Amino acid sequence: MTVLDLRGTPCPLNFIRTRLALEALAPGRTLQVWLDAGEPDRLVVESLQGSDQVKQLERIPQIDGSVQLKIIRG
């Protein structure tokens with residue numbers, strides 16, 4: 001599993017870094033991304049939904065207000 005901590009990273013850099021990390025993974029591998037809640041979370045999730053590179057996307061809100069995404073590469 002590859003882990004990418006993008007908390008504190010502004011938009012659209014968080015989306016670009018998520019996309020580049022996802023492209024570097026082999027199909028079936030998992031990318032775990034940590035994001036700030038709100039706009040960063042919303043924009044990254046919306047941009048990944050429906051992508052042919054994403055087999056599965058799970059969004060897990062955290063107690064500290066951040067969001068964890070578990071993305072399986074398609």
# chains A, B, ... in the order shown; residues from 1 in each chain; ligands from 1
>>> residues_around(residues="Cys11 of chain A", least_positions_apart="2", cutoff="9 Å", atoms="only C-alpha atoms", output="list in words")
Thr9, Leu13, Asn14, Phe15, Ile16, Glu39, Pro40, Leu43 and Val44 of chain A
>>> write_last_selection(atoms="all heavy atoms", output="PDB file, in the first residue's frame")
ATOM      1  N   THR A   9      -2.121  20.541   2.089  1.00  0.00           N
ATOM      2  CA  THR A   9      -1.766  20.815   0.690  1.00  0.00           C
ATOM      3  C   THR A   9      -2.944  21.506   0.007  1.00  0.00           C
ATOM      4  O   THR A   9      -4.067  21.014   0.073  1.00  0.00           O
ATOM      5  CB  THR A   9      -1.435  19.497  -0.051  1.00  0.00           C
ATOM      6  OG1 THR A   9      -0.393  18.837   0.645  1.00  0.00           O
ATOM      7  CG2 THR A   9      -1.017  19.756  -1.475  1.00  0.00           C
ATOM      8  N   LEU A  13      -3.174  21.186  -6.050  1.00  0.00           N
ATOM      9  CA  LEU A  13      -1.993  20.335  -5.877  1.00  0.00           C
ATOM     10  C   LEU A  13      -2.338  18.978  -5.278  1.00  0.00           C
ATOM     11  O   LEU A  13      -1.731  17.966  -5.641  1.00  0.00           O
ATOM     12  CB  LEU A  13      -0.943  21.021  -5.006  1.00  0.00           C
ATOM     13  CG  LEU A  13      -0.166  22.160  -5.649  1.00  0.00           C
ATOM     14  CD1 LEU A  13       0.802  22.761  -4.632  1.00  0.00           C
ATOM     15  CD2 LEU A  13       0.594  21.676  -6.861  1.00  0.00           C
ATOM     16  N   ASN A  14      -3.315  18.942  -4.360  1.00  0.00           N
ATOM     17  CA  ASN A  14      -3.672  17.661  -3.762  1.00  0.00           C
ATOM     18  C   ASN A  14      -4.242  16.701  -4.809  1.00  0.00           C
ATOM     19  O   ASN A  14      -3.934  15.520  -4.791  1.00  0.00           O
ATOM     20  CB  ASN A  14      -4.620  17.832  -2.567  1.00  0.00           C
ATOM     21  CG  ASN A  14      -5.779  18.730  -2.859  1.00  0.00           C
ATOM     22  OD1 ASN A  14      -6.182  18.910  -3.997  1.00  0.00           O
ATOM     23  ND2 ASN A  14      -6.317  19.316  -1.819  1.00  0.00           N
ATOM     24  N   PHE A  15      -5.038  17.219  -5.736  1.00  0.00           N
ATOM     25  CA  PHE A  15      -5.568  16.372  -6.799  1.00  0.00           C
ATOM     26  C   PHE A  15      -4.451  15.897  -7.736  1.00  0.00           C
ATOM     27  O   PHE A  15      -4.378  14.720  -8.094  1.00  0.00           O
ATOM     28  CB  PHE A  15      -6.631  17.119  -7.617  1.00  0.00           C
ATOM     29  CG  PHE A  15      -6.909  16.465  -8.933  1.00  0.00           C
ATOM     30  CD1 PHE A  15      -7.568  15.252  -8.986  1.00  0.00           C
ATOM     31  CD2 PHE A  15      -6.495  17.034 -10.116  1.00  0.00           C
ATOM     32  CE1 PHE A  15      -7.802  14.623 -10.198  1.00  0.00           C
ATOM     33  CE2 PHE A  15      -6.729  16.425 -11.328  1.00  0.00           C
ATOM     34  CZ  PHE A  15      -7.386  15.217 -11.368  1.00  0.00           C
ATOM     35  N   ILE A  16      -3.566  16.796  -8.112  1.00  0.00           N
ATOM     36  CA  ILE A  16      -2.473  16.451  -9.038  1.00  0.00           C
ATOM     37  C   ILE A  16      -1.574  15.388  -8.415  1.00  0.00           C
ATOM     38  O   ILE A  16      -1.224  14.396  -9.068  1.00  0.00           O
ATOM     39  CB  ILE A  16      -1.671  17.709  -9.416  1.00  0.00           C
ATOM     40  CG1 ILE A  16      -2.534  18.662 -10.242  1.00  0.00           C
ATOM     41  CG2 ILE A  16      -0.397  17.340 -10.168  1.00  0.00           C
ATOM     42  CD1 ILE A  16      -1.957  20.052 -10.407  1.00  0.00           C
ATOM     43  N   GLU A  39     -13.243  21.376   0.901  1.00  0.00           N
ATOM     44  CA  GLU A  39     -12.951  21.495  -0.524  1.00  0.00           C
ATOM     45  C   GLU A  39     -11.909  20.484  -1.023  1.00  0.00           C
ATOM     46  O   GLU A  39     -12.131  19.851  -2.058  1.00  0.00           O
ATOM     47  CB  GLU A  39     -12.513  22.920  -0.867  1.00  0.00           C
ATOM     48  CG  GLU A  39     -12.320  23.136  -2.346  1.00  0.00           C
ATOM     49  CD  GLU A  39     -11.874  24.547  -2.682  1.00  0.00           C
ATOM     50  OE1 GLU A  39     -11.177  25.178  -1.853  1.00  0.00           O
ATOM     51  OE2 GLU A  39     -12.214  25.003  -3.787  1.00  0.00           O
ATOM     52  N   PRO A  40     -10.782  20.291  -0.336  1.00  0.00           N
ATOM     53  CA  PRO A  40      -9.804  19.309  -0.834  1.00  0.00           C
ATOM     54  C   PRO A  40     -10.408  17.915  -0.975  1.00  0.00           C
ATOM     55  O   PRO A  40     -10.246  17.249  -1.997  1.00  0.00           O
ATOM     56  CB  PRO A  40      -8.703  19.317   0.223  1.00  0.00           C
ATOM     57  CG  PRO A  40      -8.800  20.666   0.845  1.00  0.00           C
ATOM     58  CD  PRO A  40     -10.269  20.987   0.857  1.00  0.00           C
ATOM     59  N   LEU A  43     -13.154  17.908  -3.921  1.00  0.00           N
ATOM     60  CA  LEU A  43     -12.609  18.000  -5.272  1.00  0.00           C
ATOM     61  C   LEU A  43     -11.869  16.735  -5.693  1.00  0.00           C
ATOM     62  O   LEU A  43     -12.008  16.283  -6.831  1.00  0.00           O
ATOM     63  CB  LEU A  43     -11.688  19.211  -5.395  1.00  0.00           C
ATOM     64  CG  LEU A  43     -12.375  20.571  -5.317  1.00  0.00           C
ATOM     65  CD1 LEU A  43     -11.347  21.696  -5.363  1.00  0.00           C
ATOM     66  CD2 LEU A  43     -13.387  20.732  -6.427  1.00  0.00           C
ATOM     67  N   VAL A  44     -11.090  16.151  -4.791  1.00  0.00           N
ATOM     68  CA  VAL A  44     -10.358  14.928  -5.136  1.00  0.00           C
ATOM     69  C   VAL A  44     -11.334  13.774  -5.371  1.00  0.00           C
ATOM     70  O   VAL A  44     -11.221  13.060  -6.370  1.00  0.00           O
ATOM     71  CB  VAL A  44      -9.315  14.578  -4.050  1.00  0.00           C
ATOM     72  CG1 VAL A  44      -8.706  13.204  -4.302  1.00  0.00           C
ATOM     73  CG2 VAL A  44      -8.222  15.641  -4.015  1.00  0.00           C
TER      74      VAL A  44
END
>>> residues_around(residues="Asp5 of chain A", least_positions_apart="6", cutoff="7 Å", atoms="only C-alpha atoms", output="list in words")
Val33, Trp34 and Leu35 of chain A
>>> residues_around(residues="Asp36 of chain A", least_positions_apart="4", cutoff="8 Å", atoms="only C-alpha atoms", output="ChimeraX atom specification")
/A:6-8,40-41,65-67
>>> residues_around(residues="Gln32 of chain A", least_positions_apart="6", cutoff="10 Å", atoms="only C-alpha atoms", output="list in words")
Met1, Thr2, Val3, Leu4, Asp5, Thr18, Ala21, Leu22, Leu57, Glu58, Gln68, Leu69, Lys70, Ile71 and Ile72 of chain A
>>> atom_distance(atom1="atom CA of Arg73 of chain A", atom2="atom CA of Arg19 of chain A")
10.7 Å
>>> atom_distance(atom1="atom CA of Gly74 of chain A", atom2="atom CA of Gln56 of chain A")
7.6 Å
>>> decode(residues="segment 10-29 of chain A", atoms="N, CA and C atoms", output="PDB file, in the first residue's frame")
ATOM      1  N   PRO A  10      -2.716  22.639  -0.655  1.00  0.00           N
ATOM      2  CA  PRO A  10      -3.816  23.377  -1.278  1.00  0.00           C
ATOM      3  C   PRO A  10      -4.315  22.721  -2.580  1.00  0.00           C
ATOM      4  N   CYS A  11      -5.524  23.095  -2.949  1.00  0.00           N
ATOM      5  CA  CYS A  11      -6.084  22.684  -4.245  1.00  0.00           C
ATOM      6  C   CYS A  11      -5.419  23.527  -5.323  1.00  0.00           C
ATOM      7  N   PRO A  12      -5.180  23.046  -6.487  1.00  0.00           N
ATOM      8  CA  PRO A  12      -5.393  21.696  -7.005  1.00  0.00           C
ATOM      9  C   PRO A  12      -4.186  20.786  -6.838  1.00  0.00           C
ATOM     10  N   LEU A  13      -3.174  21.186  -6.050  1.00  0.00           N
ATOM     11  CA  LEU A  13      -1.993  20.335  -5.877  1.00  0.00           C
ATOM     12  C   LEU A  13      -2.338  18.978  -5.278  1.00  0.00           C
ATOM     13  N   ASN A  14      -3.315  18.942  -4.360  1.00  0.00           N
ATOM     14  CA  ASN A  14      -3.672  17.661  -3.762  1.00  0.00           C
ATOM     15  C   ASN A  14      -4.242  16.701  -4.809  1.00  0.00           C
ATOM     16  N   PHE A  15      -5.038  17.219  -5.736  1.00  0.00           N
ATOM     17  CA  PHE A  15      -5.568  16.372  -6.799  1.00  0.00           C
ATOM     18  C   PHE A  15      -4.451  15.897  -7.736  1.00  0.00           C
ATOM     19  N   ILE A  16      -3.566  16.796  -8.112  1.00  0.00           N
ATOM     20  CA  ILE A  16      -2.473  16.451  -9.038  1.00  0.00           C
ATOM     21  C   ILE A  16      -1.574  15.388  -8.415  1.00  0.00           C
ATOM     22  N   ARG A  17      -1.225  15.555  -7.161  1.00  0.00           N
ATOM     23  CA  ARG A  17      -0.350  14.578  -6.496  1.00  0.00           C
ATOM     24  C   ARG A  17      -1.043  13.231  -6.324  1.00  0.00           C
ATOM     25  N   THR A  18      -2.349  13.263  -6.047  1.00  0.00           N
ATOM     26  CA  THR A  18      -3.104  12.008  -5.947  1.00  0.00           C
ATOM     27  C   THR A  18      -3.120  11.297  -7.291  1.00  0.00           C
ATOM     28  N   ARG A  19      -3.386  12.029  -8.350  1.00  0.00           N
ATOM     29  CA  ARG A  19      -3.448  11.450  -9.697  1.00  0.00           C
ATOM     30  C   ARG A  19      -2.091  10.868 -10.120  1.00  0.00           C
ATOM     31  N   LEU A  20      -1.005  11.580  -9.854  1.00  0.00           N
ATOM     32  CA  LEU A  20       0.326  11.081 -10.206  1.00  0.00           C
ATOM     33  C   LEU A  20       0.680   9.818  -9.421  1.00  0.00           C
ATOM     34  N   ALA A  21       0.345   9.789  -8.141  1.00  0.00           N
ATOM     35  CA  ALA A  21       0.611   8.603  -7.325  1.00  0.00           C
ATOM     36  C   ALA A  21      -0.214   7.413  -7.809  1.00  0.00           C
ATOM     37  N   LEU A  22      -1.441   7.663  -8.198  1.00  0.00           N
ATOM     38  CA  LEU A  22      -2.311   6.604  -8.700  1.00  0.00           C
ATOM     39  C   LEU A  22      -1.792   6.049 -10.021  1.00  0.00           C
ATOM     40  N   GLU A  23      -1.328   6.925 -10.893  1.00  0.00           N
ATOM     41  CA  GLU A  23      -0.793   6.492 -12.178  1.00  0.00           C
ATOM     42  C   GLU A  23       0.459   5.629 -12.014  1.00  0.00           C
ATOM     43  N   ALA A  24       1.214   5.856 -10.947  1.00  0.00           N
ATOM     44  CA  ALA A  24       2.446   5.103 -10.715  1.00  0.00           C
ATOM     45  C   ALA A  24       2.194   3.701 -10.160  1.00  0.00           C
ATOM     46  N   LEU A  25       0.972   3.433  -9.699  1.00  0.00           N
ATOM     47  CA  LEU A  25       0.643   2.137  -9.125  1.00  0.00           C
ATOM     48  C   LEU A  25       0.265   1.124 -10.193  1.00  0.00           C
ATOM     49  N   ALA A  26       0.559  -0.132  -9.920  1.00  0.00           N
ATOM     50  CA  ALA A  26       0.108  -1.221 -10.786  1.00  0.00           C
ATOM     51  C   ALA A  26      -1.375  -1.477 -10.514  1.00  0.00           C
ATOM     52  N   PRO A  27      -2.121  -1.952 -11.504  1.00  0.00           N
ATOM     53  CA  PRO A  27      -3.540  -2.289 -11.289  1.00  0.00           C
ATOM     54  C   PRO A  27      -3.700  -3.254 -10.117  1.00  0.00           C
ATOM     55  N   GLY A  28      -4.719  -2.991  -9.299  1.00  0.00           N
ATOM     56  CA  GLY A  28      -5.003  -3.818  -8.136  1.00  0.00           C
ATOM     57  C   GLY A  28      -4.320  -3.360  -6.858  1.00  0.00           C
ATOM     58  N   ARG A  29      -3.353  -2.464  -6.962  1.00  0.00           N
ATOM     59  CA  ARG A  29      -2.649  -1.943  -5.783  1.00  0.00           C
ATOM     60  C   ARG A  29      -3.485  -0.849  -5.123  1.00  0.00           C
TER      61      ARG A  29
END
